[in-house]
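*Asks:* Sharing coords_12.cif here; it has mmCIF, C-alpha atoms, pLDDT in the B column; chains and numbers go by the auth columns.
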data_input
#
loop_
_atom_site.group_PDB
_atom_site.id
_atom_site.type_symbol
_atom_site.label_atom_id
_atom_site.label_comp_id
_atom_site.label_asym_id
_atom_site.label_seq_id
_atom_site.Cartn_x
_atom_site.Cartn_y
_atom_site.Cartn_z
_atom_site.B_iso_or_equiv
_atom_site.auth_seq_id
_atom_site.auth_asym_id
ATOM 1 C CA GLU A 1 8.434 14.610 8.180 76.00 1104 A
ATOM 2 C CA PRO A 2 5.938 15.258 5.333 79.00 1105 A
ATOM 3 C CA GLU A 3 2.675 13.341 5.627 90.00 1106 A
ATOM 4 C CA VAL A 4 -0.228 12.321 3.482 94.00 1107 A
ATOM 5 C CA THR A 5 -3.347 13.425 5.337 96.00 1108 A
ATOM 6 C CA GLN A 6 -6.700 11.717 4.968 97.00 1109 A
ATOM 7 C CA THR A 7 -10.119 12.792 6.204 96.00 1110 A
ATOM 8 C CA PRO A 8 -12.333 11.632 7.698 96.00 1111 A
ATOM 9 C CA SER A 9 -10.665 8.841 9.651 95.00 1112 A
ATOM 10 C CA HIS A 10 -13.987 7.017 9.938 96.00 1113 A
ATOM 11 C CA GLN A 11 -17.117 7.286 7.863 97.00 1114 A
ATOM 12 C CA VAL A 12 -20.362 5.389 8.232 98.00 1115 A
ATOM 13 C CA THR A 13 -22.818 5.649 5.384 97.00 1116 A
ATOM 14 C CA GLN A 14 -26.028 4.029 4.280 97.00 1117 A
ATOM 15 C CA MET A 15 -26.041 1.775 1.271 97.00 1118 A
ATOM 16 C CA GLY A 16 -26.771 3.736 -1.882 97.00 1119 A
ATOM 17 C CA GLN A 17 -25.390 6.989 -0.553 97.00 1120 A
ATOM 18 C CA GLU A 18 -22.523 8.897 -2.107 98.00 1121 A
ATOM 19 C CA VAL A 19 -19.311 9.346 -0.150 98.00 1122 A
ATOM 20 C CA ILE A 20 -16.269 11.482 -0.782 97.00 1123 A
ATOM 21 C CA LEU A 21 -12.978 10.545 0.801 98.00 1124 A
ATOM 22 C CA ARG A 22 -10.425 13.292 0.988 97.00 1125 A
ATOM 23 C CA CYS A 23 -6.659 13.284 0.831 97.00 1126 A
ATOM 24 C CA VAL A 24 -3.977 15.925 0.973 97.00 1127 A
ATOM 25 C CA PRO A 25 -0.857 14.465 -0.671 95.00 1128 A
ATOM 26 C CA ILE A 26 2.658 15.608 0.127 92.00 1129 A
ATOM 27 C CA SER A 27 3.049 19.016 -1.448 89.00 1130 A
ATOM 28 C CA ASN A 28 5.821 18.362 -3.977 86.00 1131 A
ATOM 29 C CA HIS A 29 4.488 14.964 -5.046 89.00 1132 A
ATOM 30 C CA LEU A 30 3.112 14.552 -8.541 88.00 1133 A
ATOM 31 C CA TYR A 31 1.661 11.031 -8.534 89.00 1134 A
ATOM 32 C CA PHE A 32 -1.371 10.145 -6.493 93.00 1135 A
ATOM 33 C CA TYR A 33 -2.983 6.819 -5.717 94.00 1136 A
ATOM 34 C CA TRP A 34 -5.926 5.242 -3.977 96.00 1137 A
ATOM 35 C CA TYR A 35 -5.766 1.774 -2.469 96.00 1138 A
ATOM 36 C CA ARG A 36 -8.322 -0.286 -0.625 97.00 1139 A
ATOM 37 C CA GLN A 37 -7.952 -2.857 2.139 94.00 1140 A
ATOM 38 C CA ILE A 38 -10.899 -5.003 3.113 95.00 1141 A
ATOM 39 C CA LEU A 39 -10.657 -6.036 6.758 90.00 1142 A
ATOM 40 C CA GLY A 40 -8.049 -8.733 7.240 86.00 1143 A
ATOM 41 C CA GLN A 41 -6.997 -8.777 3.594 89.00 1144 A
ATOM 42 C CA LYS A 42 -4.192 -7.345 1.533 90.00 1145 A
ATOM 43 C CA VAL A 43 -3.944 -3.819 0.239 93.00 1146 A
ATOM 44 C CA GLU A 44 -5.308 -3.531 -3.307 94.00 1147 A
ATOM 45 C CA PHE A 45 -4.628 -0.892 -5.928 92.00 1148 A
ATOM 46 C CA LEU A 46 -7.594 1.142 -7.136 96.00 1149 A
ATOM 47 C CA VAL A 47 -6.330 4.012 -9.248 94.00 1150 A
ATOM 48 C CA SER A 48 -3.342 6.195 -10.030 91.00 1151 A
ATOM 49 C CA PHE A 49 -3.527 9.842 -11.068 92.00 1152 A
ATOM 50 C CA TYR A 50 -0.991 12.061 -12.727 89.00 1153 A
ATOM 51 C CA ASN A 51 -1.153 15.346 -14.575 88.00 1154 A
ATOM 52 C CA ASN A 52 -4.851 15.744 -13.774 90.00 1155 A
ATOM 53 C CA GLU A 53 -5.918 12.489 -15.264 91.00 1156 A
ATOM 54 C CA ILE A 54 -6.198 8.841 -14.389 93.00 1157 A
ATOM 55 C CA SER A 55 -3.041 6.938 -15.363 89.00 1158 A
ATOM 56 C CA GLU A 56 -4.210 3.479 -14.509 89.00 1159 A
ATOM 57 C CA LYS A 57 -7.101 1.812 -12.747 91.00 1160 A
ATOM 58 C CA SER A 58 -7.836 -1.668 -11.517 91.00 1161 A
ATOM 59 C CA GLU A 59 -10.886 -3.830 -12.108 91.00 1162 A
ATOM 60 C CA ILE A 60 -12.217 -2.735 -8.732 94.00 1163 A
ATOM 61 C CA PHE A 61 -12.397 0.870 -9.913 96.00 1164 A
ATOM 62 C CA ASP A 62 -15.670 0.664 -11.813 95.00 1165 A
ATOM 63 C CA ASP A 63 -18.097 3.379 -12.869 95.00 1166 A
ATOM 64 C CA GLN A 64 -19.194 3.923 -9.280 96.00 1167 A
ATOM 65 C CA PHE A 65 -15.776 5.356 -8.471 97.00 1168 A
ATOM 66 C CA SER A 66 -14.250 8.638 -9.543 97.00 1169 A
ATOM 67 C CA VAL A 67 -11.263 10.705 -8.536 97.00 1170 A
ATOM 68 C CA GLU A 68 -10.632 14.384 -8.701 95.00 1171 A
ATOM 69 C CA ARG A 69 -8.008 16.940 -7.844 92.00 1172 A
ATOM 70 C CA PRO A 70 -10.316 19.898 -7.280 87.00 1173 A
ATOM 71 C CA ASP A 71 -7.546 22.292 -6.289 87.00 1174 A
ATOM 72 C CA GLY A 72 -3.786 22.327 -5.834 79.00 1175 A
ATOM 73 C CA SER A 73 -3.784 20.389 -2.614 88.00 1176 A
ATOM 74 C CA ASN A 74 -6.698 17.947 -2.368 94.00 1177 A
ATOM 75 C CA PHE A 75 -7.193 14.589 -4.031 96.00 1178 A
ATOM 76 C CA THR A 76 -10.595 12.976 -3.607 97.00 1179 A
ATOM 77 C CA LEU A 77 -12.155 9.580 -4.148 98.00 1180 A
ATOM 78 C CA LYS A 78 -15.896 9.544 -4.723 98.00 1181 A
ATOM 79 C CA ILE A 79 -18.077 6.469 -4.515 98.00 1182 A
ATOM 80 C CA ARG A 80 -21.334 7.366 -6.171 96.00 1183 A
ATOM 81 C CA SER A 81 -23.692 4.754 -4.755 95.00 1184 A
ATOM 82 C CA THR A 82 -22.097 2.736 -1.992 97.00 1185 A
ATOM 83 C CA LYS A 83 -22.581 -0.986 -1.617 97.00 1186 A
ATOM 84 C CA LEU A 84 -22.050 -3.135 1.449 97.00 1187 A
ATOM 85 C CA GLU A 85 -18.938 -4.616 -0.131 96.00 1188 A
ATOM 86 C CA ASP A 86 -17.369 -1.156 -0.380 97.00 1189 A
ATOM 87 C CA SER A 87 -16.745 -1.328 3.372 98.00 1190 A
ATOM 88 C CA ALA A 88 -12.981 -1.188 3.751 97.00 1191 A
ATOM 89 C CA MET A 89 -10.024 0.968 4.697 96.00 1192 A
ATOM 90 C CA TYR A 90 -9.193 3.351 1.879 97.00 1193 A
ATOM 91 C CA PHE A 91 -5.630 4.581 1.668 96.00 1194 A
ATOM 92 C CA CYS A 92 -4.354 7.501 -0.314 96.00 1195 A
ATOM 93 C CA ALA A 93 -0.708 7.548 -1.343 93.00 1196 A
ATOM 94 C CA SER A 94 1.513 9.935 -3.195 92.00 1197 A
ATOM 95 C CA SER A 95 4.962 9.810 -4.720 87.00 1198 A
ATOM 96 C CA GLU A 96 7.390 12.353 -6.028 82.00 1199 A
ATOM 97 C CA ALA A 97 8.205 10.463 -9.177 71.00 1200 A
ATOM 98 C CA GLU A 98 7.529 7.079 -10.676 61.00 1201 A
ATOM 99 C CA GLU A 99 11.043 5.827 -10.106 61.00 1202 A
ATOM 100 C CA ILE A 100 11.432 6.638 -6.455 58.00 1203 A
ATOM 101 C CA GLY A 101 10.235 3.854 -4.196 59.00 1204 A
ATOM 102 C CA ASP A 102 11.061 5.340 -0.857 61.00 1205 A
ATOM 103 C CA GLY A 103 9.139 8.494 -1.626 68.00 1206 A
ATOM 104 C CA TYR A 104 5.921 6.523 -1.932 79.00 1207 A
ATOM 105 C CA THR A 105 3.977 7.521 1.179 88.00 1208 A
ATOM 106 C CA PHE A 106 0.636 6.296 2.468 92.00 1209 A
ATOM 107 C CA GLY A 107 -1.894 8.165 4.560 95.00 1210 A
ATOM 108 C CA SER A 108 -3.417 6.657 7.697 94.00 1211 A
ATOM 109 C CA GLY A 109 -6.565 5.738 5.847 96.00 1212 A
ATOM 110 C CA THR A 110 -10.310 6.279 6.029 97.00 1213 A
ATOM 111 C CA ARG A 111 -12.359 3.451 7.437 97.00 1214 A
ATOM 112 C CA LEU A 112 -15.571 3.308 5.425 98.00 1215 A
ATOM 113 C CA THR A 113 -18.466 1.321 6.813 97.00 1216 A
ATOM 114 C CA VAL A 114 -21.519 0.879 4.611 98.00 1217 A
ATOM 115 C CA VAL A 115 -24.643 -0.192 6.484 97.00 1218 A
ATOM 116 C CA GLY B 1 -2.604 -10.402 -13.054 66.00 289 B
ATOM 117 C CA GLN B 2 0.590 -10.170 -11.052 72.00 290 B
ATOM 118 C CA GLN B 3 0.505 -11.767 -7.642 82.00 291 B
ATOM 119 C CA LEU B 4 2.882 -11.942 -4.731 90.00 292 B
ATOM 120 C CA ASN B 5 3.070 -14.969 -2.482 94.00 293 B
ATOM 121 C CA GLN B 6 4.132 -13.967 0.988 96.00 294 B
ATOM 122 C CA SER B 7 5.064 -16.404 3.722 96.00 295 B
ATOM 123 C CA PRO B 8 4.608 -17.226 6.453 96.00 296 B
ATOM 124 C CA GLN B 9 1.068 -15.910 6.939 94.00 297 B
ATOM 125 C CA SER B 10 1.677 -15.524 10.633 94.00 298 B
ATOM 126 C CA MET B 11 4.336 -16.161 13.196 94.00 299 B
ATOM 127 C CA PHE B 12 4.874 -15.843 16.892 92.00 300 B
ATOM 128 C CA ILE B 13 8.004 -14.277 18.233 88.00 301 B
ATOM 129 C CA GLN B 14 9.738 -14.201 21.550 91.00 302 B
ATOM 130 C CA GLU B 15 11.685 -11.107 22.374 92.00 303 B
ATOM 131 C CA GLY B 16 15.228 -11.405 21.144 93.00 304 B
ATOM 132 C CA GLU B 17 14.485 -13.911 18.390 94.00 305 B
ATOM 133 C CA ASP B 18 15.379 -13.340 14.748 95.00 306 B
ATOM 134 C CA VAL B 19 12.514 -13.308 12.277 95.00 307 B
ATOM 135 C CA SER B 20 12.474 -14.027 8.574 97.00 308 B
ATOM 136 C CA MET B 21 9.760 -13.664 5.961 97.00 309 B
ATOM 137 C CA ASN B 22 9.768 -13.717 2.187 96.00 310 B
ATOM 138 C CA CYS B 23 7.844 -12.943 -0.958 96.00 311 B
ATOM 139 C CA THR B 24 7.910 -14.581 -4.341 96.00 312 B
ATOM 140 C CA SER B 25 6.341 -13.625 -7.617 93.00 313 B
ATOM 141 C CA SER B 26 5.749 -15.290 -10.939 87.00 314 B
ATOM 142 C CA SER B 27 6.710 -12.070 -12.696 86.00 315 B
ATOM 143 C CA ILE B 28 9.543 -9.599 -12.481 88.00 316 B
ATOM 144 C CA PHE B 29 9.411 -6.404 -10.474 86.00 317 B
ATOM 145 C CA ASN B 30 11.929 -3.602 -10.699 85.00 318 B
ATOM 146 C CA THR B 31 11.325 -2.346 -7.177 87.00 319 B
ATOM 147 C CA TRP B 32 10.516 -4.237 -3.999 90.00 320 B
ATOM 148 C CA LEU B 33 9.208 -2.474 -0.928 92.00 321 B
ATOM 149 C CA TRP B 34 8.627 -3.762 2.582 95.00 322 B
ATOM 150 C CA TYR B 35 5.949 -2.109 4.723 95.00 323 B
ATOM 151 C CA LYS B 36 4.736 -2.491 8.290 96.00 324 B
ATOM 152 C CA GLN B 37 1.127 -1.830 9.195 93.00 325 B
ATOM 153 C CA ASP B 38 -0.109 -1.281 12.715 91.00 326 B
ATOM 154 C CA PRO B 39 -3.834 -1.660 13.494 84.00 327 B
ATOM 155 C CA GLY B 40 -5.897 1.202 12.113 82.00 328 B
ATOM 156 C CA GLU B 41 -2.914 2.772 10.377 87.00 329 B
ATOM 157 C CA GLY B 42 -1.621 2.962 6.856 90.00 330 B
ATOM 158 C CA PRO B 43 1.409 0.999 5.652 92.00 331 B
ATOM 159 C CA VAL B 44 4.703 2.551 6.688 92.00 332 B
ATOM 160 C CA LEU B 45 7.708 1.968 4.487 91.00 333 B
ATOM 161 C CA LEU B 46 10.555 0.011 6.068 94.00 334 B
ATOM 162 C CA ILE B 47 12.946 -0.713 3.211 93.00 335 B
ATOM 163 C CA ALA B 48 12.992 -0.044 -0.545 91.00 336 B
ATOM 164 C CA LEU B 49 15.046 -2.209 -2.922 92.00 337 B
ATOM 165 C CA TYR B 50 15.866 -1.145 -6.481 88.00 338 B
ATOM 166 C CA LYS B 51 18.523 -3.459 -7.882 90.00 339 B
ATOM 167 C CA ALA B 52 18.618 -7.212 -8.306 92.00 340 B
ATOM 168 C CA GLY B 53 20.831 -8.690 -5.606 94.00 341 B
ATOM 169 C CA GLU B 54 20.692 -5.548 -3.498 93.00 342 B
ATOM 170 C CA LEU B 55 20.974 -6.081 0.246 96.00 343 B
ATOM 171 C CA THR B 56 19.811 -3.180 2.373 95.00 344 B
ATOM 172 C CA SER B 57 19.630 -2.658 6.109 95.00 345 B
ATOM 173 C CA ASN B 58 17.585 -0.305 8.232 93.00 346 B
ATOM 174 C CA GLY B 59 18.563 -0.757 11.864 96.00 347 B
ATOM 175 C CA ARG B 60 17.633 -4.312 12.862 97.00 348 B
ATOM 176 C CA LEU B 61 15.924 -4.902 9.523 97.00 349 B
ATOM 177 C CA THR B 62 17.650 -6.379 6.504 97.00 350 B
ATOM 178 C CA ALA B 63 16.047 -7.021 3.142 97.00 351 B
ATOM 179 C CA GLN B 64 17.331 -8.403 -0.129 96.00 352 B
ATOM 180 C CA PHE B 65 16.104 -8.129 -3.689 94.00 353 B
ATOM 181 C CA GLY B 66 16.488 -11.500 -5.375 94.00 354 B
ATOM 182 C CA ILE B 67 18.786 -11.915 -8.347 94.00 355 B
ATOM 183 C CA THR B 68 15.894 -13.068 -10.534 92.00 356 B
ATOM 184 C CA ARG B 69 13.846 -9.996 -9.532 90.00 357 B
ATOM 185 C CA LYS B 70 11.080 -12.376 -8.540 92.00 358 B
ATOM 186 C CA ASP B 71 11.636 -12.596 -4.818 94.00 359 B
ATOM 187 C CA SER B 72 12.685 -10.757 -1.686 96.00 360 B
ATOM 188 C CA PHE B 73 13.177 -11.510 1.973 97.00 361 B
ATOM 189 C CA LEU B 74 12.990 -9.429 5.117 98.00 362 B
ATOM 190 C CA ASN B 75 14.880 -10.315 8.288 97.00 363 B
ATOM 191 C CA ILE B 76 14.364 -8.760 11.687 97.00 364 B
ATOM 192 C CA SER B 77 17.139 -9.397 14.169 96.00 365 B
ATOM 193 C CA ALA B 78 16.737 -9.445 17.944 95.00 366 B
ATOM 194 C CA SER B 79 13.005 -8.769 17.837 94.00 367 B
ATOM 195 C CA ILE B 80 11.381 -6.469 20.383 93.00 368 B
ATOM 196 C CA PRO B 81 7.698 -6.192 21.388 91.00 369 B
ATOM 197 C CA SER B 82 7.063 -3.183 19.136 92.00 370 B
ATOM 198 C CA ASP B 83 7.934 -5.311 16.102 94.00 371 B
ATOM 199 C CA VAL B 84 4.465 -6.830 16.419 94.00 372 B
ATOM 200 C CA GLY B 85 2.267 -5.934 13.462 94.00 373 B
ATOM 201 C CA ILE B 86 1.593 -6.955 9.892 95.00 374 B
ATOM 202 C CA TYR B 87 4.411 -6.835 7.370 96.00 375 B
ATOM 203 C CA PHE B 88 3.661 -6.514 3.679 95.00 376 B
ATOM 204 C CA CYS B 89 5.910 -6.901 0.710 95.00 377 B
ATOM 205 C CA ALA B 90 5.006 -4.893 -2.359 93.00 378 B
ATOM 206 C CA GLY B 91 6.336 -5.015 -5.874 89.00 379 B
ATOM 207 C CA ARG B 92 6.394 -2.179 -8.312 81.00 380 B
ATOM 208 C CA ASP B 93 6.621 -2.558 -12.063 71.00 381 B
ATOM 209 C CA PHE B 94 7.359 0.425 -14.274 62.00 382 B
ATOM 210 C CA TYR B 95 8.101 -1.336 -17.511 58.00 383 B
ATOM 211 C CA GLY B 96 5.172 -3.673 -17.945 54.00 384 B
ATOM 212 C CA GLY B 97 2.801 -0.939 -18.938 53.00 385 B
ATOM 213 C CA SER B 98 2.014 -0.118 -15.336 55.00 386 B
ATOM 214 C CA GLN B 99 2.284 3.441 -14.050 57.00 387 B
ATOM 215 C CA GLY B 100 3.974 2.285 -10.910 65.00 388 B
ATOM 216 C CA ASN B 101 1.139 1.085 -8.742 80.00 389 B
ATOM 217 C CA LEU B 102 2.059 -1.394 -6.028 86.00 390 B
ATOM 218 C CA ILE B 103 1.111 -5.045 -5.918 89.00 391 B
ATOM 219 C CA PHE B 104 0.928 -6.186 -2.306 92.00 392 B
ATOM 220 C CA GLY B 105 1.465 -9.551 -0.712 93.00 393 B
ATOM 221 C CA LYS B 106 -1.125 -10.839 1.738 93.00 394 B
ATOM 222 C CA GLY B 107 1.007 -9.972 4.719 95.00 395 B
ATOM 223 C CA THR B 108 2.827 -11.694 7.549 96.00 396 B
ATOM 224 C CA LYS B 109 1.306 -11.139 10.957 95.00 397 B
ATOM 225 C CA LEU B 110 3.850 -11.006 13.758 95.00 398 B
ATOM 226 C CA SER B 111 2.535 -11.698 17.240 92.00 399 B
ATOM 227 C CA VAL B 112 4.168 -12.174 20.611 82.00 400 B
ATOM 228 C CA LYS B 113 4.383 -15.701 21.968 80.00 401 B
ATOM 229 C CA PRO B 114 2.092 -16.160 24.935 70.00 402 B
#
Rewrite the structure from the file as structure tokens, please.

*Replies:*
Amino acid sequence: EPEVTQTPSHQVTQMGQEVILRCVPISNHLYFYWYRQILGQKVEFLVSFYNNEISEKSEIFDDQFSVERPDGSNFTLKIRSTKLEDSAMYFCASSEAEEIGDGYTFGSGTRLTVV
Amino acid sequence: GQQLNQSPQSMFIQEGEDVSMNCTSSSIFNTWLWYKQDPGEGPVLLIALYKAGELTSNGRLTAQFGITRKDSFLNISASIPSDVGIYFCAGRDFYGGSQGNLIFGKGTKLSVKP
């Protein structure tokens, strides 16, 4: 079954450092998303990406965050200068089309710890 | 912004028991999704609902999309130990200006009765 692949699975970084979280969406999917889950809390939307541009972003997705699709397969989330409160699980998701709910697939996540 | 109220927050199950959880919203969604999340993993889709009133089953799981489009329930029949985990409802709104991102409930944590 097709998977969304995320790397690394764990990342520890010092406050103020830049991190790049990587995702390989399912190959025929056109819509890409990043979500965040702080430990013990609900999953929160960060940003959606379609046709090489951001479609929508939440209040969490401030100027410290950016996304990029550098090639035909990868989708990255960059945090420019990490803060302690950026510690969370970050999930990438992709979907084939806006209308299809059951094609909306999440990766296993990257656990980011900012120290 | 849109919010989903999911209940109960947690529940204990004994093997063989039926389980029920639900989500309500103050606003309308046009798709409801139910996910299960195991520790250290991403959410895995269980059931997707597209039409108001729709009742859908997936094995021992049954979910319904409320007629008002503002609520949904998930039932698990004859629970087994591997049902333990956190269950999230998620709503998706295409027509409110959103591009289809998901709004998640806070989750229902299923644990085994000691």

*Asks:* Here is a test: counting all atoms listed in the file, which residue of A:Met1192, A:Met1118, A:Leu1133, A:Val1170 is nearest to chain B?

*Replies:* A:Met1192

*Asks:* Could you tell me which residues the PyMOL selection byres ((chain A) within 9 of (chain B)) grabs in this file, written as a PyMOL selection string?

*Replies:* chain A and resi 1136+1144-1151+1158-1159+1192+1194-1195+1201-1205+1207-1212+1214

*Asks:* Name the residues, using the chain letters and numbers of the file, that sit within 10 Å of (18.6, -2.9, 6.3) when counting only C-alpha atoms, and give them as an mmCIF file with C-alpha atoms, in the frame of the given file.

*Replies:*
data_model
loop_
_atom_site.group_PDB
_atom_site.id
_atom_site.type_symbol
_atom_site.label_atom_id
_atom_site.label_comp_id
_atom_site.auth_asym_id
_atom_site.auth_seq_id
_atom_site.Cartn_x
_atom_site.Cartn_y
_atom_site.Cartn_z
ATOM 1 C CA LEU B 334 10.555 0.011 6.068
ATOM 2 C CA ILE B 335 12.946 -0.713 3.211
ATOM 3 C CA ALA B 336 12.992 -0.044 -0.545
ATOM 4 C CA LEU B 337 15.046 -2.209 -2.922
ATOM 5 C CA LEU B 343 20.974 -6.081 0.246
ATOM 6 C CA THR B 344 19.811 -3.180 2.373
ATOM 7 C CA SER B 345 19.630 -2.658 6.109
ATOM 8 C CA ASN B 346 17.585 -0.305 8.232
ATOM 9 C CA GLY B 347 18.563 -0.757 11.864
ATOM 10 C CA ARG B 348 17.633 -4.312 12.862
ATOM 11 C CA LEU B 349 15.924 -4.902 9.523
ATOM 12 C CA THR B 350 17.650 -6.379 6.504
ATOM 13 C CA ALA B 351 16.047 -7.021 3.142
ATOM 14 C CA GLN B 352 17.331 -8.403 -0.129
ATOM 15 C CA LEU B 362 12.990 -9.429 5.117
ATOM 16 C CA ASN B 363 14.880 -10.315 8.288
ATOM 17 C CA ILE B 364 14.364 -8.760 11.687
#

*Asks:* As a check of understanding, name the residues that the PyMOL selection byres ((chain B and resi 396) around 7) selects in the supplied structure, as a list in words.

*Replies:* Ser295, Pro296, Gln297, Ser298, Ile374, Tyr375, Phe376, Gly395, Lys397 and Leu398 of chain B

*Asks:* So that I can see what lies close to Gly304 (chain B), please list as a list of chain:residue names the residues with an atom at most 10 Å from it, counting only C-alpha atoms and leaving out residues fewer than 5 positions away in the same chain.

*Replies:*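 The residues that qualify are B:Ile364, B:Ser365, B:Ala366, B:Ser367, B:Ile368, B:Pro369.
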
*Asks:* Selected by the PyMOL selection byres ((chain B and resi 356) around 9) in the shown coordinates: which residues, as a list in words?

*Replies:*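 When the PyMOL selection byres ((chain B and resi 356) around 9) is applied, the selected residues are Ile316, Ala340, Gly341, Phe353, Gly354, Ile355, Arg357, Lys358 and Asp359 of chain B.
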
*Asks:* Figure out the distance between CA of Lys401 (chain B) and CA of Asn310 (chain B), please, to one decimal in Å.

*Replies:* 20.6 Å

*Asks:* CA of Ser360 (chain B) and CA of Val372 (chain B), how far apart in Å?

*Replies:* 20.3 Å

*Asks:* Quick one: everything within 8 Å of Gln1114 (chain A), counting only C-alpha atoms, minus sequence neighbours fewer than 4 positions away in the same chain. Send it as a list in words.

*Replies:*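 Counting only C-alpha atoms, the residues come to Thr1213, Arg1214, Leu1215 and Thr1216 of chain A.
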